[in-house]
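model-v3.csv follows (CSV, C-alpha atoms and all ligand atoms):
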```
chain,number,residue,atom,x,y,z
T,72,MET,CA,-12.3,14.8,10.9
T,73,SER,CA,-9.6,12.8,12.7
T,74,GLY,CA,-6.8,14.3,14.8
T,75,PHE,CA,-3.3,13.0,15.0
T,76,ASP,CA,-3.9,10.9,18.1
T,77,THR,CA,-6.9,9.1,16.7
T,78,LEU,CA,-5.1,8.3,13.4
T,79,ALA,CA,-2.0,7.2,15.2
T,80,ALA,CA,-4.1,4.8,17.3
T,81,GLU,CA,-5.7,3.5,14.1
T,82,LEU,CA,-2.3,2.9,12.5
T,83,VAL,CA,-1.0,1.1,15.6
T,84,GLU,CA,-4.1,-1.2,15.4
T,85,ALA,CA,-3.6,-1.7,11.7
T,86,GLY,CA,-0.1,-2.9,12.4
T,87,ARG,CA,-1.3,-5.5,14.9
T,88,GLU,CA,-3.9,-6.7,12.4
T,89,LEU,CA,-1.5,-7.0,9.5
T,90,TYR,CA,1.1,-8.7,11.6
T,91,ARG,CA,-1.5,-11.2,12.9
T,92,ARG,CA,-2.3,-12.1,9.3
T,93,GLY,CA,1.5,-12.6,8.5
T,94,TRP,CA,1.6,-9.6,6.1
T,95,VAL,CA,4.3,-7.5,7.9
T,96,PRO,CA,7.0,-9.9,9.0
T,97,ALA,CA,10.1,-8.7,10.9
T,98,THR,CA,10.3,-4.9,10.7
T,99,SER,CA,8.7,-4.7,7.2
T,100,GLY,CA,5.8,-2.5,6.1
T,101,ASN,CA,4.9,1.1,6.7
T,102,PHE,CA,1.6,2.9,7.2
T,103,SER,CA,0.4,6.5,7.0
T,104,ALA,CA,-2.8,8.6,7.3
T,105,ARG,CA,-3.4,12.2,6.1
T,106,LEU,CA,-4.8,14.8,8.5
T,107,ASP,CA,-7.2,17.5,7.5
T,108,ASP,CA,-4.4,20.1,7.5
T,109,GLY,CA,-2.4,18.1,4.9
T,110,THR,CA,0.2,16.8,7.4
T,111,ILE,CA,0.7,13.1,7.5
T,112,ALA,CA,1.0,10.6,10.4
T,113,ILE,CA,3.4,7.9,9.5
T,114,THR,CA,5.3,5.0,11.0
T,115,ALA,CA,8.9,5.7,12.2
T,116,SER,CA,11.5,3.8,10.3
T,117,GLY,CA,12.7,0.4,11.5
T,118,ARG,CA,10.0,-0.4,14.0
T,119,HIS,CA,8.3,-3.8,14.3
T,120,LYS,CA,4.9,-3.0,12.8
T,121,GLY,CA,3.1,-5.7,14.9
T,122,ARG,CA,4.3,-4.1,18.1
T,123,LEU,CA,3.8,-0.4,17.5
T,124,THR,CA,2.9,2.1,20.2
T,125,ALA,CA,1.6,5.6,19.6
T,126,GLY,CA,5.1,6.8,20.1
T,127,ASP,CA,6.2,5.0,16.9
T,128,ILE,CA,4.0,7.3,14.8
T,129,LEU,CA,5.4,10.7,13.9
T,130,ARG,CA,4.1,13.6,11.9
T,131,ILE,CA,5.6,14.9,8.6
T,132,ASP,CA,4.6,17.7,6.2
T,133,ALA,CA,3.4,17.1,2.7
T,134,GLU,CA,7.0,17.2,1.4
T,135,GLY,CA,8.0,14.4,3.9
T,136,ARG,CA,9.9,16.6,6.4
T,137,SER,CA,9.7,15.3,9.9
T,138,LEU,CA,7.9,17.8,12.2
T,139,ASP,CA,9.5,16.4,15.3
T,140,GLY,CA,13.1,15.5,14.3
T,141,ARG,CA,12.4,11.7,14.2
T,142,ARG,CA,13.1,9.6,11.1
T,143,PRO,CA,10.0,8.6,9.1
T,144,SER,CA,9.7,5.4,7.1
T,145,ALA,CA,12.4,4.9,4.5
T,146,GLU,CA,9.6,4.5,2.0
T,147,THR,CA,7.9,7.8,2.8
T,148,GLY,CA,8.3,9.0,-0.8
T,149,LEU,CA,6.0,6.3,-2.0
T,150,HIS,CA,3.3,7.4,0.4
T,151,LEU,CA,3.7,11.0,-0.6
T,152,GLY,CA,3.4,10.1,-4.3
T,153,ILE,CA,-0.1,8.6,-3.7
T,154,TYR,CA,-1.3,11.5,-1.6
T,155,ARG,CA,-0.1,14.0,-4.3
T,156,ARG,CA,-2.0,12.2,-7.1
T,157,PHE,CA,-5.2,11.3,-5.2
T,158,PRO,CA,-6.6,14.1,-3.0
T,159,GLU,CA,-9.4,11.8,-1.7
T,160,VAL,CA,-6.9,9.3,-0.2
T,161,ARG,CA,-6.5,9.5,3.5
T,162,ALA,CA,-4.5,6.4,4.3
T,163,VAL,CA,-1.7,4.3,2.6
T,164,LEU,CA,-0.7,0.9,3.8
T,165,HIS,CA,2.3,-1.2,2.7
T,166,PRO,CA,2.4,-4.9,3.6
T,167,HIS,CA,5.1,-7.4,2.7
T,168,SER,CA,2.6,-10.2,2.1
T,169,PRO,CA,3.4,-13.6,0.8
T,170,ALA,CA,0.9,-13.7,-2.1
T,171,ALA,CA,2.0,-10.3,-3.4
T,172,VAL,CA,5.7,-11.5,-3.4
T,173,LEU,CA,4.8,-14.8,-4.9
T,174,ALA,CA,2.7,-13.1,-7.6
T,175,SER,CA,5.6,-10.9,-8.5
T,176,ARG,CA,7.7,-14.1,-9.0
T,177,LEU,CA,5.1,-15.5,-11.4
T,178,PHE,CA,3.8,-12.5,-13.3
T,179,LYS,CA,5.9,-9.9,-15.0
T,180,GLY,CA,5.0,-6.3,-15.5
T,181,GLU,CA,1.4,-6.5,-14.3
T,182,LEU,CA,-1.2,-8.7,-12.7
T,183,VAL,CA,-4.7,-8.5,-14.1
T,184,LEU,CA,-7.5,-9.1,-11.6
T,185,ALA,CA,-10.8,-9.9,-13.3
T,186,ASP,CA,-14.0,-11.8,-12.5
T,187,HIS,CA,-13.4,-11.5,-8.8
T,188,GLU,CA,-16.4,-10.5,-6.6
T,189,LEU,CA,-13.9,-9.0,-4.1
T,190,LEU,CA,-13.0,-6.3,-6.7
T,191,LYS,CA,-16.0,-4.6,-5.3
T,192,ALA,CA,-14.2,-4.1,-2.0
T,193,LEU,CA,-12.1,-1.5,-3.8
T,194,ASP,CA,-13.1,2.1,-4.0
T,195,GLY,CA,-15.1,3.0,-7.2
T,196,ILE,CA,-15.4,-0.6,-8.5
T,197,ASP,CA,-19.0,-1.9,-8.5
T,198,THR,CA,-18.9,-5.1,-10.5
T,199,HIS,CA,-16.9,-8.3,-10.7
T,200,ALA,CA,-16.7,-7.6,-14.4
T,201,HIS,CA,-14.1,-4.8,-13.8
T,202,ARG,CA,-10.6,-5.5,-15.2
T,203,LEU,CA,-8.1,-4.2,-12.7
T,204,VAL,CA,-4.5,-3.9,-13.8
T,205,VAL,CA,-2.1,-4.0,-10.8
T,206,PRO,CA,1.3,-2.9,-12.1
T,207,ILE,CA,4.4,-4.8,-10.8
T,208,PHE,CA,7.5,-2.6,-10.5
T,209,ALA,CA,11.0,-3.9,-10.1
T,210,ASN,CA,12.3,-3.5,-6.6
T,211,ASP,CA,14.6,-0.5,-6.1
T,212,GLN,CA,16.4,0.8,-3.0
T,213,ASP,CA,16.3,4.2,-4.6
T,214,ILE,CA,12.9,5.3,-3.4
T,215,PRO,CA,12.7,8.6,-5.4
T,216,ARG,CA,13.4,6.7,-8.6
T,217,LEU,CA,10.8,4.1,-7.7
T,218,ALA,CA,8.3,6.8,-6.8
T,219,ARG,CA,8.9,8.4,-10.2
T,220,GLN,CA,8.1,5.1,-12.0
T,221,VAL,CA,4.8,4.8,-10.1
T,222,ASP,CA,4.0,8.4,-10.9
T,223,GLN,CA,4.7,7.9,-14.6
T,224,TRP,CA,2.4,4.9,-14.6
T,225,ILE,CA,-0.4,7.0,-13.0
T,226,GLU,CA,0.3,9.8,-15.5
T,227,ARG,CA,-0.2,7.3,-18.4
T,228,HIS,CA,-3.2,5.4,-17.0
T,229,ARG,CA,-4.9,8.1,-14.9
T,230,ARG,CA,-6.1,5.5,-12.3
T,231,LEU,CA,-4.4,3.2,-9.8
T,232,HIS,CA,-5.8,1.2,-7.0
T,233,ALA,CA,-2.6,-0.6,-5.8
T,234,TYR,CA,0.8,-1.7,-7.0
T,235,ILE,CA,3.2,-4.5,-6.3
T,236,ILE,CA,6.9,-4.1,-5.9
T,237,ALA,CA,8.6,-7.3,-7.1
T,238,GLY,CA,10.1,-9.5,-4.4
T,239,HIS,CA,9.0,-6.9,-1.8
T,240,GLY,CA,5.3,-6.3,-1.1
T,241,PHE,CA,2.5,-4.0,-2.2
T,242,TYR,CA,1.0,-0.6,-1.7
T,243,ALA,CA,-2.8,0.0,-1.3
T,244,TRP,CA,-4.8,2.9,0.0
T,245,GLY,CA,-8.2,4.3,0.8
T,246,ARG,CA,-10.4,7.2,2.1
T,247,SER,CA,-9.7,6.0,5.7
T,248,VAL,CA,-7.4,3.6,7.5
T,249,ALA,CA,-10.4,1.2,7.7
T,250,ALA,CA,-10.9,1.5,3.9
T,251,ALA,CA,-7.2,0.9,3.2
T,252,LEU,CA,-7.3,-2.2,5.4
T,253,THR,CA,-10.2,-3.5,3.4
T,254,ALA,CA,-8.3,-2.9,0.2
T,255,VAL,CA,-5.3,-4.7,1.5
T,256,GLU,CA,-7.4,-7.7,2.6
T,257,ALA,CA,-9.3,-7.9,-0.7
T,258,LEU,CA,-6.1,-7.5,-2.8
T,259,GLU,CA,-4.1,-10.1,-0.8
T,260,PHE,CA,-7.1,-12.6,-1.2
T,261,MET,CA,-7.1,-12.0,-5.0
T,262,PHE,CA,-3.3,-12.2,-5.3
T,263,ASP,CA,-3.5,-15.5,-3.4
T,264,CYS,CA,-6.2,-16.9,-5.7
T,265,GLU,CA,-4.2,-16.0,-8.8
T,266,VAL,CA,-1.0,-17.6,-7.4
T,267,ARG,CA,-2.9,-20.8,-6.6
T,268,LEU,CA,-4.6,-20.8,-9.9
T,269,TYR,CA,-1.2,-20.5,-11.7
T,270,GLY,CA,0.0,-23.5,-9.6
T,271,VAL,CA,-3.0,-25.6,-10.5
T,272,ARG,CA,-2.7,-24.8,-14.2
T,273,SER,CA,1.0,-25.4,-14.6
T,301,LIG,C1,12.7,-5.5,7.0
T,301,LIG,S1,13.3,-4.8,5.6
T,301,LIG,C2,12.0,-3.8,5.0
T,301,LIG,C3,12.4,-2.4,4.6
T,301,LIG,O1,13.5,-2.4,3.8
T,301,LIG,C4,11.2,-1.7,3.9
T,301,LIG,O2,10.9,-2.3,2.7
T,301,LIG,C5,10.0,-1.6,4.8
T,301,LIG,O3,8.9,-1.9,4.4
T,301,LIG,C6,10.1,-1.0,6.1
T,301,LIG,O4,10.9,0.2,6.2
T,301,LIG,P1,10.6,1.3,7.2
T,301,LIG,O5,11.8,2.3,7.1
T,301,LIG,O6,10.6,0.6,8.6
T,301,LIG,O7,9.3,1.9,6.9
T,302,ZN,ZN,8.8,-2.3,2.2
```
Write the structure described by the file as structure tokens, please.
Ligand SMILES: CSC[C@@H](O)[C@@H](O)C(=O)COP(=O)(O)O
Ligand SMILES: [Zn+2]
Amino acid sequence: MSGFDTLAAELVEAGRELYRRGWVPATSGNFSARLDDGTIAITASGRHKGRLTAGDILRIDAEGRSLDGRRPSAETGLHLGIYRRFPEVRAVLHPHSPAAVLASRLFKGELVLADHELLKALDGIDTHAHRLVVPIFANDQDIPRLARQVDQWIERHRRLHAYIIAGHGFYAWGRSVAAALTAVEALEFMFDCEVRLYGVRS
């Protein structure tokens, strides 16, 4: 049961952490958290995500309409798509991390993560033997079109833990801001391992 102020503070802190790790350079990335009433706290567009203040978090309704007149993230539609599909999700994080971008240069269409103990950091996965398919979508400045692609993938596969946007970054989520941060950290670690492994093998 978290109110807007608490969630806004968590998103500000998440931005500091992700920037410290080098995963939201310049003004990249966006973060959101869903409140009990279905409204969403989300980063304002164009802010430096490592230097957010509570005033940089605004509230939108479930259709993405700003409730205070300010402009939410340009990629709001991608957050809404995840909240619509997964009622248990309470936070969505979007880093522009190096390993995700590098992975999208090396692997086409999807990246399969298997035999990683860190898979267990993700919600609902309880063994390293799980085979997690992370789809890689082509980058697109048309966010509604990109959101439709993600939605069609979910429709076909019924399950999704994260996705990469080629040359751009990735999206991950969880039942809380803390859980979404854990997912981001685990995924970035596994992406990094796969990229290095590719380098060693080639
Ligand atoms: C610094 S360019 C990055 C943007 O184009 C976009 O991909 C992004 O992640 C941040 O957009 P924003 O509108 O601030 O949420
Ligand atoms: Zn982005």
Kindly provide, as a compact mmCIF listing (two decimals) with C-alpha atoms, keeping the file's coordinate frame, all nucleotide and amino acid residues lying within 8 Å of ligand LIG 301 (chain T), counting all atoms listed in the file.
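And here is the file that came out, out21.txt:
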```txt
# COMPACT_ATOMS: atom_id res chain seq x y z
CA PRO T 96 7.00 -9.90 9.00
CA ALA T 97 10.10 -8.70 10.90
CA THR T 98 10.30 -4.90 10.70
CA SER T 99 8.70 -4.70 7.20
CA GLY T 100 5.80 -2.50 6.10
CA ASN T 101 4.90 1.10 6.70
CA PHE T 102 1.60 2.90 7.20
CA THR T 114 5.30 5.00 11.00
CA ALA T 115 8.90 5.70 12.20
CA SER T 116 11.50 3.80 10.30
CA GLY T 117 12.70 0.40 11.50
CA ARG T 118 10.00 -0.40 14.00
CA HIS T 119 8.30 -3.80 14.30
CA LYS T 120 4.90 -3.00 12.80
CA PRO T 143 10.00 8.60 9.10
CA SER T 144 9.70 5.40 7.10
CA ALA T 145 12.40 4.90 4.50
CA GLU T 146 9.60 4.50 2.00
CA THR T 147 7.90 7.80 2.80
CA HIS T 165 2.30 -1.20 2.70
CA PRO T 166 2.40 -4.90 3.60
CA HIS T 167 5.10 -7.40 2.70
CA HIS T 239 9.00 -6.90 -1.80
CA GLY T 240 5.30 -6.30 -1.10
```
Show me a table, sorted first by chain and then by increasing residue number, of the residues of stretch 112-215 of chain T having an atom at most 10 Å from stretch 248-264 of chain T, each with its shortest atom pair and the distance in Å to one decimal, counting only C-alpha atoms and written as a Markdown table.
```
| residue | atom | partner | partner_atom | distance |
| --- | --- | --- | --- | --- |
| T:Val160 | CA | T:Ala251 | CA | 9.1 |
| T:Arg161 | CA | T:Val248 | CA | 7.2 |
| T:Ala162 | CA | T:Val248 | CA | 5.1 |
| T:Val163 | CA | T:Ala251 | CA | 6.5 |
| T:Leu164 | CA | T:Ala251 | CA | 6.5 |
| T:His165 | CA | T:Val255 | CA | 8.5 |
| T:Pro166 | CA | T:Val255 | CA | 8.0 |
| T:Ser168 | CA | T:Glu259 | CA | 7.3 |
| T:Pro169 | CA | T:Asp263 | CA | 8.3 |
| T:Ala170 | CA | T:Asp263 | CA | 4.9 |
| T:Ala171 | CA | T:Phe262 | CA | 5.9 |
| T:Val172 | CA | T:Phe262 | CA | 9.2 |
| T:Leu173 | CA | T:Asp263 | CA | 8.5 |
| T:Ala174 | CA | T:Phe262 | CA | 6.5 |
| T:Ser175 | CA | T:Phe262 | CA | 9.5 |
| T:Leu182 | CA | T:Phe262 | CA | 8.5 |
| T:Val183 | CA | T:Phe262 | CA | 9.6 |
| T:Leu184 | CA | T:Met261 | CA | 7.2 |
| T:Ala185 | CA | T:Met261 | CA | 9.3 |
| T:His187 | CA | T:Met261 | CA | 7.4 |
| T:Glu188 | CA | T:Met261 | CA | 9.6 |
| T:Leu189 | CA | T:Ala257 | CA | 5.8 |
| T:Leu190 | CA | T:Ala257 | CA | 7.2 |
| T:Lys191 | CA | T:Ala257 | CA | 8.8 |
| T:Ala192 | CA | T:Ala257 | CA | 6.3 |
| T:Leu193 | CA | T:Ala254 | CA | 5.7 |
| T:Asp194 | CA | T:Ala254 | CA | 8.1 |
| T:Val205 | CA | T:Leu258 | CA | 9.6 |
```
Taking (-1.4, -7.7, 16.4) as a centre in this file's frame and 12 Å as the limit, can you find every polymer residue with an atom that close, using only C-alpha atoms, and give them as a PDB file with C-alpha atoms, keeping the file's coordinate frame?
```
ATOM      1  CA  LEU T  82      -2.300   2.900  12.500  1.00  0.00           C
ATOM      2  CA  VAL T  83      -1.000   1.100  15.600  1.00  0.00           C
ATOM      3  CA  GLU T  84      -4.100  -1.200  15.400  1.00  0.00           C
ATOM      4  CA  ALA T  85      -3.600  -1.700  11.700  1.00  0.00           C
ATOM      5  CA  GLY T  86      -0.100  -2.900  12.400  1.00  0.00           C
ATOM      6  CA  ARG T  87      -1.300  -5.500  14.900  1.00  0.00           C
ATOM      7  CA  GLU T  88      -3.900  -6.700  12.400  1.00  0.00           C
ATOM      8  CA  LEU T  89      -1.500  -7.000   9.500  1.00  0.00           C
ATOM      9  CA  TYR T  90       1.100  -8.700  11.600  1.00  0.00           C
ATOM     10  CA  ARG T  91      -1.500 -11.200  12.900  1.00  0.00           C
ATOM     11  CA  ARG T  92      -2.300 -12.100   9.300  1.00  0.00           C
ATOM     12  CA  GLY T  93       1.500 -12.600   8.500  1.00  0.00           C
ATOM     13  CA  TRP T  94       1.600  -9.600   6.100  1.00  0.00           C
ATOM     14  CA  VAL T  95       4.300  -7.500   7.900  1.00  0.00           C
ATOM     15  CA  PRO T  96       7.000  -9.900   9.000  1.00  0.00           C
ATOM     16  CA  HIS T 119       8.300  -3.800  14.300  1.00  0.00           C
ATOM     17  CA  LYS T 120       4.900  -3.000  12.800  1.00  0.00           C
ATOM     18  CA  GLY T 121       3.100  -5.700  14.900  1.00  0.00           C
ATOM     19  CA  ARG T 122       4.300  -4.100  18.100  1.00  0.00           C
ATOM     20  CA  LEU T 123       3.800  -0.400  17.500  1.00  0.00           C
ATOM     21  CA  THR T 124       2.900   2.100  20.200  1.00  0.00           C
TER      22      THR T 124
END
```
Interatomic distance, atom CA of T:Gly148 to atom CA of T:Asp211 (Å, one decimal):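 Taking atom CA of T:Gly148 as the start and atom CA of T:Asp211 as the end point, the length is 12.6 Å.
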One-decimal distance in Å that lies between atom CA of T:Glu134 and atom CA of T:Tyr242: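 Atom CA of T:Glu134 lies 19.0 Å from atom CA of T:Tyr242.
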Straight-line distance linking atom CA of T:His199 with atom CA of T:Arg155, stated in Å to one decimal: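 Answer for the atom CA of T:His199 to atom CA of T:Arg155 separation: 28.6 Å.
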Selected residue, from T:Tyr154, T:Ile113, T:Ile236, T:Pro215, that lies nearest to T:Asp139 when counting all atoms listed in the file: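 Smallest separation from T:Asp139 among the options: T:Ile113.
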Pick from T:Leu149, T:Val221, T:Ile207, T:Ala79, whichever lies nearest to ligand ZN 302 (chain T) using only C-alpha atoms and all ligand atoms: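 Looking only at the distances to ligand ZN 302 (chain T), the closest residue turns out to be T:Leu149.
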Residue nearest T:Leu177 - candidates T:Ala237, T:Leu203, T:Leu231, T:Ala218, atoms counted: all atoms listed in the file: T:Ala237
For ligand ZN 302 (chain T), the nearest of the candidates T:Arg246, T:Arg267, T:His150, T:Arg230, counting all atoms listed in the file: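 Once distances to ligand ZN 302 (chain T) are computed over all atoms listed in the file, the minimum belongs to T:His150.
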At a cut-off of 10 Å, using all atoms listed in the file, what residues contact T:Arg141? Leave out same-chain residues fewer than 5 positions from it and give the result as an mmCIF file with C-alpha atoms, keeping the file's coordinate frame.
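Generated file (around.cif):
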```
data_model
loop_
_atom_site.group_PDB
_atom_site.id
_atom_site.type_symbol
_atom_site.label_atom_id
_atom_site.label_comp_id
_atom_site.auth_asym_id
_atom_site.auth_seq_id
_atom_site.Cartn_x
_atom_site.Cartn_y
_atom_site.Cartn_z
ATOM 1 C CA ALA T 115 8.900 5.700 12.200
ATOM 2 C CA SER T 116 11.500 3.800 10.300
ATOM 3 C CA ASP T 127 6.200 5.000 16.900
ATOM 4 C CA ILE T 128 4.000 7.300 14.800
ATOM 5 C CA LEU T 129 5.400 10.700 13.900
ATOM 6 C CA ARG T 130 4.100 13.600 11.900
ATOM 7 C CA ILE T 131 5.600 14.900 8.600
ATOM 8 C CA ARG T 136 9.900 16.600 6.400
#
```
